[in-house]
Amino acid sequence: MKLLNFDEAQKLLRDYHLPETKTRIFTSCREAKRFAQRLGFPVVLKVYSPFILHRTERGEVVASIDNQLALDQAWRKLVPFLEGSAQAGLLVQKKEKGLELVAGMKRDPQFGPVIMFGLGGIFIEVFKDISLRIAPFSQSTAREMIKEIRAYPLLAGFRGRKPIGKKKLAVILVQLSRLSLDHPELKEIDFNPIMADGQRIKIVDAKFLINEKS
Amino acid sequence: MRNLKTLFQPRSIAIIGATDRPGSVGLGVVQNLRLGKRKLFFVNPYRVKVKGTKTYKSVLDIEEAVDLAVVVVPASAVLSVVEECGQKKVGSVIVISAGFAEIGPEGKKRQGKLVKIVRESGINLVGPNCLGIIRPGSSFNASFAPAMPATGEIAFVSQSGALLDSVIDQSLGKRYGFSALISYGNEADLGLEDFLLFLKEDSRTKVILLYLEGVKDGRRFLAVAKKVAQIKPIVVLKAGRTALGRKAVSSHTASLAGADEVYRAAFKQAGLVAVDTLQELLAAAKSLAWQPPLRSGLGIITNGGGMGVLATDYVQQENLKLAKLTPETIKKLKNHLPPMVSLRNPLDLVGDAPAERYQQALEAFLKQKSIGGVIVIQTIQAVTEVEKNARIMVESHRKFSQKPVVSVCLEGPLSQKGVAYLEKHRLPNYSDPFFAVRAMKALSRSANRQ
């Protein structure tokens, strides 16, 4: 399996009105710095290659870059990961804050595209606090999914936190279910994390897995 | 929907492989079908007579029309006898014989040929590799099940035949019964969805129980189950929950959404009630067959604190709501109950509660609009009048028949008669408050039905 390349992934997100945080891919440090300047610090720099399925494990992300100098350093650290792949590059994106959530799709041999929603972060594999539905589904089913996870109180405004925009979140799930049905060539999808800060909900990392041959 | 009349209401039945050899499946089917009043033909080229009746060498030798053929010959002979059924224009065939897709590539090939034969001749095929079909209400038992179960409103559809056998055994002498028991085996032709659609229209069936290990076409199952569950409650027990071979996967979603989790999601989406044990499956069935849906908060009436606390725990665990008593109800209770009874829900009538106290409490509870149903708990104490209480519960429930009432009483020698009376009048009793609460949960799910 490999990932959809960056431009294809961007197009899919745009076509389905899926709100990604502002992200661009670069192979030149100078252009990356210009974009970061426009975006405003802090920014995140990460490796993008259709052949790297899991980042962070090998340190291919620099999470919080506060100024141009730090960006220069981060660039030098990550550039060796590109290893001459034509479709690879370094992504610059705005650093989002808020609650980490995940959504995704896996194509089940029996039921077809299954959509997952859950609490994100590093403990996702431990707590497995997720809900699932089979695509396609309506906005009200998406809301059920959101309310079903154990961490729901965190989304609903726990201890004075800002409540998360559930309607926007539900739209993401519904759109993800449509996209999955429309694109059978996609085997798995991970939106991990989705950062939710009140009404601001942004997909920070979108991974679309396809079969090698397609 | 397929027309299954020749399968469920056959006028004449041929048993291919009929025999009176002791201990054989063929004899089991003969004995079971002989209990009904349908016209039977025994087909067996190696025997002149079975049970004193002359046999036919082939189904083609039978002069009259044959609606249904039950096939119990060895796998290697199945194709040729089913082919003959096609020539004879038999409407439906149940192939009980094993030795098909379940045994590997060779069996798979044989099953493929079988499907081709039945499709070409327009036969409805059940199986292969199944127990058969039973309709207790019309004394129709086309299976090799060990006994004829009682008649009732529960349909049991099972992927496993052996499990159905055990369910039948366990149901004997109980007070619930079945409208249909269907073991569908390998689903070479007719599948789970066909039977669900049949049961949706079946006037004898009120609730459908499902035992599953997996489905053939998940999306079709989801679509059909959703449609059927809108009309009749479906309770499902799925085996194979632990994932043995969860392969290494590349995304979080794939690693978290294991096969069983996906099934659970599908059940939820289709509006099915999923249970974890066989006992729970049967427990829920009783209530769904006999009681109306639970549409608002619960009331609990008990004569012993402990059982009330247990029930309350389970209510919370299941996310059900306990209704708050209104001033009107409290006033009513105050007038009739002794002062040591604290007037709240759950209501503890105290150990010395006679039948009258139960009656006052139950009727006051049922009268309150925001109480959608009541669990009545009896612990057996010296003064507890189980039989009288049972009569009162049945009577009160009659006045409020749109609200479910479920009884909890650990059935023993002292309470047997009372419990029998309750269940005879379709008021389900459970020996454990846990099952009563789970039953109420199932009844609350069915409130979403039209």
# chains A, B, ... in the order shown; residues from 1 in each chain; ligands from 1
>>> interface_residues(of="chain A", to="chain B", cutoff="8 Å", atoms="only C-alpha atoms", output="count of residues only")
21
>>> residues_around(residues="A:Ala36", least_positions_apart="2", cutoff="9 Å", atoms="only C-alpha atoms", output="NGL selection string")
:A and (31-34 or 38-43 or 67-68 or 71 or 92-94)
>>> residues_around(residues="B:Val29", least_positions_apart="2", cutoff="12 Å", atoms="only C-alpha atoms", output="short mmCIF file (atom, residue, chain, number, x, y, z; two decimals) with N, CA and C atoms, in the first residue's frame")
data_model
loop_
_atom_site.label_atom_id
_atom_site.label_comp_id
_atom_site.auth_asym_id
_atom_site.auth_seq_id
_atom_site.Cartn_x
_atom_site.Cartn_y
_atom_site.Cartn_z
N ILE B 13 -44.74 -33.78 1.05
CA ILE B 13 -43.29 -33.73 1.32
C ILE B 13 -42.66 -35.08 0.98
N ALA B 14 -41.57 -35.03 0.24
CA ALA B 14 -40.79 -36.24 -0.01
C ALA B 14 -39.55 -36.21 0.87
N ILE B 15 -39.29 -37.33 1.55
CA ILE B 15 -38.05 -37.43 2.33
C ILE B 15 -37.11 -38.31 1.53
N ILE B 16 -36.08 -37.71 0.97
CA ILE B 16 -35.16 -38.45 0.12
C ILE B 16 -33.99 -38.91 0.99
N GLY B 17 -33.93 -40.23 1.18
CA GLY B 17 -32.97 -40.78 2.13
C GLY B 17 -33.70 -41.23 3.39
N ALA B 18 -35.04 -41.39 3.28
CA ALA B 18 -35.84 -41.85 4.42
C ALA B 18 -35.39 -43.26 4.79
N THR B 19 -35.31 -43.49 6.08
CA THR B 19 -34.87 -44.82 6.51
C THR B 19 -35.39 -45.06 7.92
N ASP B 20 -35.43 -46.34 8.34
CA ASP B 20 -35.70 -46.55 9.77
C ASP B 20 -34.51 -47.13 10.49
N ARG B 21 -33.34 -46.87 9.94
CA ARG B 21 -32.11 -47.30 10.62
C ARG B 21 -31.95 -46.49 11.91
N PRO B 22 -31.91 -47.19 13.05
CA PRO B 22 -31.83 -46.46 14.32
C PRO B 22 -30.60 -45.54 14.36
N GLY B 23 -30.80 -44.36 14.91
CA GLY B 23 -29.69 -43.42 15.08
C GLY B 23 -29.35 -42.62 13.84
N SER B 24 -30.12 -42.76 12.77
CA SER B 24 -29.78 -42.03 11.55
C SER B 24 -30.54 -40.71 11.47
N VAL B 25 -29.95 -39.78 10.74
CA VAL B 25 -30.61 -38.49 10.52
C VAL B 25 -31.91 -38.73 9.74
N GLY B 26 -31.85 -39.65 8.78
CA GLY B 26 -33.02 -39.96 7.97
C GLY B 26 -34.21 -40.38 8.82
N LEU B 27 -33.94 -41.21 9.84
CA LEU B 27 -35.02 -41.64 10.72
C LEU B 27 -35.55 -40.46 11.54
N GLN B 31 -39.42 -39.37 11.61
CA GLN B 31 -40.22 -39.31 12.84
C GLN B 31 -40.79 -37.92 13.07
N ASN B 32 -40.00 -36.89 12.84
CA ASN B 32 -40.48 -35.53 13.06
C ASN B 32 -41.59 -35.16 12.09
N LEU B 33 -41.43 -35.54 10.83
CA LEU B 33 -42.44 -35.16 9.85
C LEU B 33 -43.73 -35.96 10.02
N ARG B 34 -43.60 -37.18 10.56
CA ARG B 34 -44.80 -37.99 10.77
C ARG B 34 -45.71 -37.40 11.84
N LEU B 35 -45.19 -36.50 12.68
CA LEU B 35 -46.02 -35.86 13.70
C LEU B 35 -47.04 -34.91 13.08
N GLY B 36 -46.74 -34.43 11.89
CA GLY B 36 -47.67 -33.53 11.21
C GLY B 36 -48.68 -34.32 10.40
N LEU B 40 -46.86 -37.57 3.10
CA LEU B 40 -45.42 -37.87 3.06
C LEU B 40 -45.11 -38.95 2.04
N PHE B 42 -41.76 -41.45 1.07
CA PHE B 42 -40.40 -41.85 1.44
C PHE B 42 -39.65 -42.30 0.20
N ALA B 69 -39.06 -31.25 -0.80
CA ALA B 69 -38.24 -32.44 -0.61
C ALA B 69 -37.21 -32.15 0.47
N VAL B 70 -37.08 -33.08 1.43
CA VAL B 70 -36.05 -32.98 2.45
C VAL B 70 -35.00 -34.04 2.12
N VAL B 71 -33.76 -33.57 1.89
CA VAL B 71 -32.72 -34.45 1.38
C VAL B 71 -31.73 -34.81 2.49
N VAL B 72 -31.61 -36.11 2.77
CA VAL B 72 -30.68 -36.56 3.81
C VAL B 72 -29.74 -37.66 3.30
N VAL B 73 -29.48 -37.66 2.00
CA VAL B 73 -28.57 -38.66 1.44
C VAL B 73 -27.13 -38.15 1.57
N ILE B 94 -34.91 -28.87 1.04
CA ILE B 94 -34.03 -28.64 2.18
C ILE B 94 -32.93 -29.70 2.12
N VAL B 95 -31.70 -29.27 1.94
CA VAL B 95 -30.60 -30.23 1.94
C VAL B 95 -29.95 -30.21 3.32
N ILE B 96 -30.21 -31.26 4.08
CA ILE B 96 -29.65 -31.37 5.43
C ILE B 96 -28.21 -31.88 5.36
N SER B 97 -27.92 -32.69 4.38
CA SER B 97 -26.60 -33.31 4.25
C SER B 97 -25.46 -32.29 4.33
N LEU B 131 -29.94 -27.93 9.84
CA LEU B 131 -30.80 -28.79 10.66
C LEU B 131 -32.19 -28.92 10.05
N GLY B 132 -32.62 -27.86 9.35
CA GLY B 132 -33.95 -27.88 8.75
C GLY B 132 -34.83 -26.76 9.29
N ILE B 133 -36.12 -26.94 9.11
CA ILE B 133 -37.08 -25.88 9.43
C ILE B 133 -38.21 -26.46 10.28
N ILE B 134 -38.63 -25.69 11.29
CA ILE B 134 -39.72 -26.15 12.16
C ILE B 134 -40.75 -25.04 12.32
N PHE B 140 -45.32 -28.71 11.91
CA PHE B 140 -44.49 -29.00 10.74
C PHE B 140 -43.04 -29.00 11.20
N ASN B 141 -42.42 -30.17 11.11
CA ASN B 141 -41.05 -30.29 11.60
C ASN B 141 -40.18 -30.99 10.57
N ALA B 142 -39.64 -30.21 9.65
CA ALA B 142 -38.77 -30.75 8.61
C ALA B 142 -37.33 -30.64 9.06
N SER B 143 -36.98 -31.38 10.11
CA SER B 143 -35.64 -31.29 10.66
C SER B 143 -35.33 -32.58 11.38
N PHE B 144 -34.10 -32.70 11.86
CA PHE B 144 -33.81 -33.85 12.72
C PHE B 144 -33.58 -33.39 14.15
N ALA B 145 -34.32 -32.34 14.53
CA ALA B 145 -34.25 -31.82 15.89
C ALA B 145 -34.73 -32.89 16.87
N PRO B 146 -34.26 -32.80 18.12
CA PRO B 146 -34.56 -33.87 19.09
C PRO B 146 -36.01 -33.88 19.56
N ALA B 147 -36.73 -32.78 19.41
CA ALA B 147 -38.10 -32.72 19.92
C ALA B 147 -38.84 -31.58 19.23
N MET B 148 -40.15 -31.57 19.41
CA MET B 148 -40.97 -30.49 18.86
C MET B 148 -41.12 -29.41 19.91
#
>>> closest_residue(among="B:Asn3, B:Ser80, B:Gln87, B:Gln368", to="B:Asp194", atoms="only C-alpha atoms")
B:Asn3
>>> closest_residue(among="B:Ser166, B:Ser287, B:Asn345, B:Ser76", to="B:Pro404", atoms="only C-alpha atoms")
B:Ser287
>>> atom_distance(atom1="atom CA of A:Asn211", atom2="atom CA of A:Glu185")
7.2 Å
>>> residues_around(residues="A:Met1", least_positions_apart="5", cutoff="8 Å", atoms="only C-alpha atoms", output="ChimeraX atom specification")
/A:209-212
>>> residues_around(residues="B:Glu102", least_positions_apart="3", cutoff="12 Å", atoms="only C-alpha atoms", output="tab-separated table (two decimals) with C-alpha atoms, in the first residue's frame")
chain	number	residue	atom	x	y	z
B	75	ALA	CA	-23.20	-35.49	-0.13
B	97	SER	CA	-26.60	-33.31	4.25
B	98	ALA	CA	-23.18	-31.88	5.04
B	99	GLY	CA	-20.10	-32.11	2.84
B	105	PRO	CA	-12.45	-26.70	-2.15
B	106	GLU	CA	-14.01	-30.00	-3.21
B	107	GLY	CA	-17.18	-29.30	-1.24
B	108	LYS	CA	-17.24	-25.77	-2.55
B	109	LYS	CA	-17.26	-27.07	-6.10
B	110	ARG	CA	-20.11	-29.43	-5.27
B	111	GLN	CA	-22.06	-26.58	-3.73
B	127	GLY	CA	-28.89	-25.43	3.24
B	128	PRO	CA	-26.93	-27.52	2.55
B	129	ASN	CA	-25.46	-28.47	5.91
B	130	CYS	CA	-28.41	-27.43	8.07
B	185	GLY	CA	-26.73	-23.74	6.96
B	186	ASN	CA	-24.44	-22.73	4.12
B	187	GLU	CA	-26.93	-20.31	2.47
B	188	ALA	CA	-26.15	-21.67	-0.97
>>> atom_distance(atom1="atom CA of B:Lys417", atom2="atom CA of B:Leu337")
26.7 Å
>>> residues_around(residues="stretch 96-101 of chain A", least_positions_apart="4", cutoff="7 Å", atoms="only C-alpha atoms", output="MDAnalysis selection string")
chainID A and resid 118:121 192:197
>>> residues_around(residues="B:Pro428", least_positions_apart="6", cutoff="9 Å", atoms="only C-alpha atoms", output="number ranges by chain")
B: 283, 286-287, 290-291, 405-408, 419, 422, 436
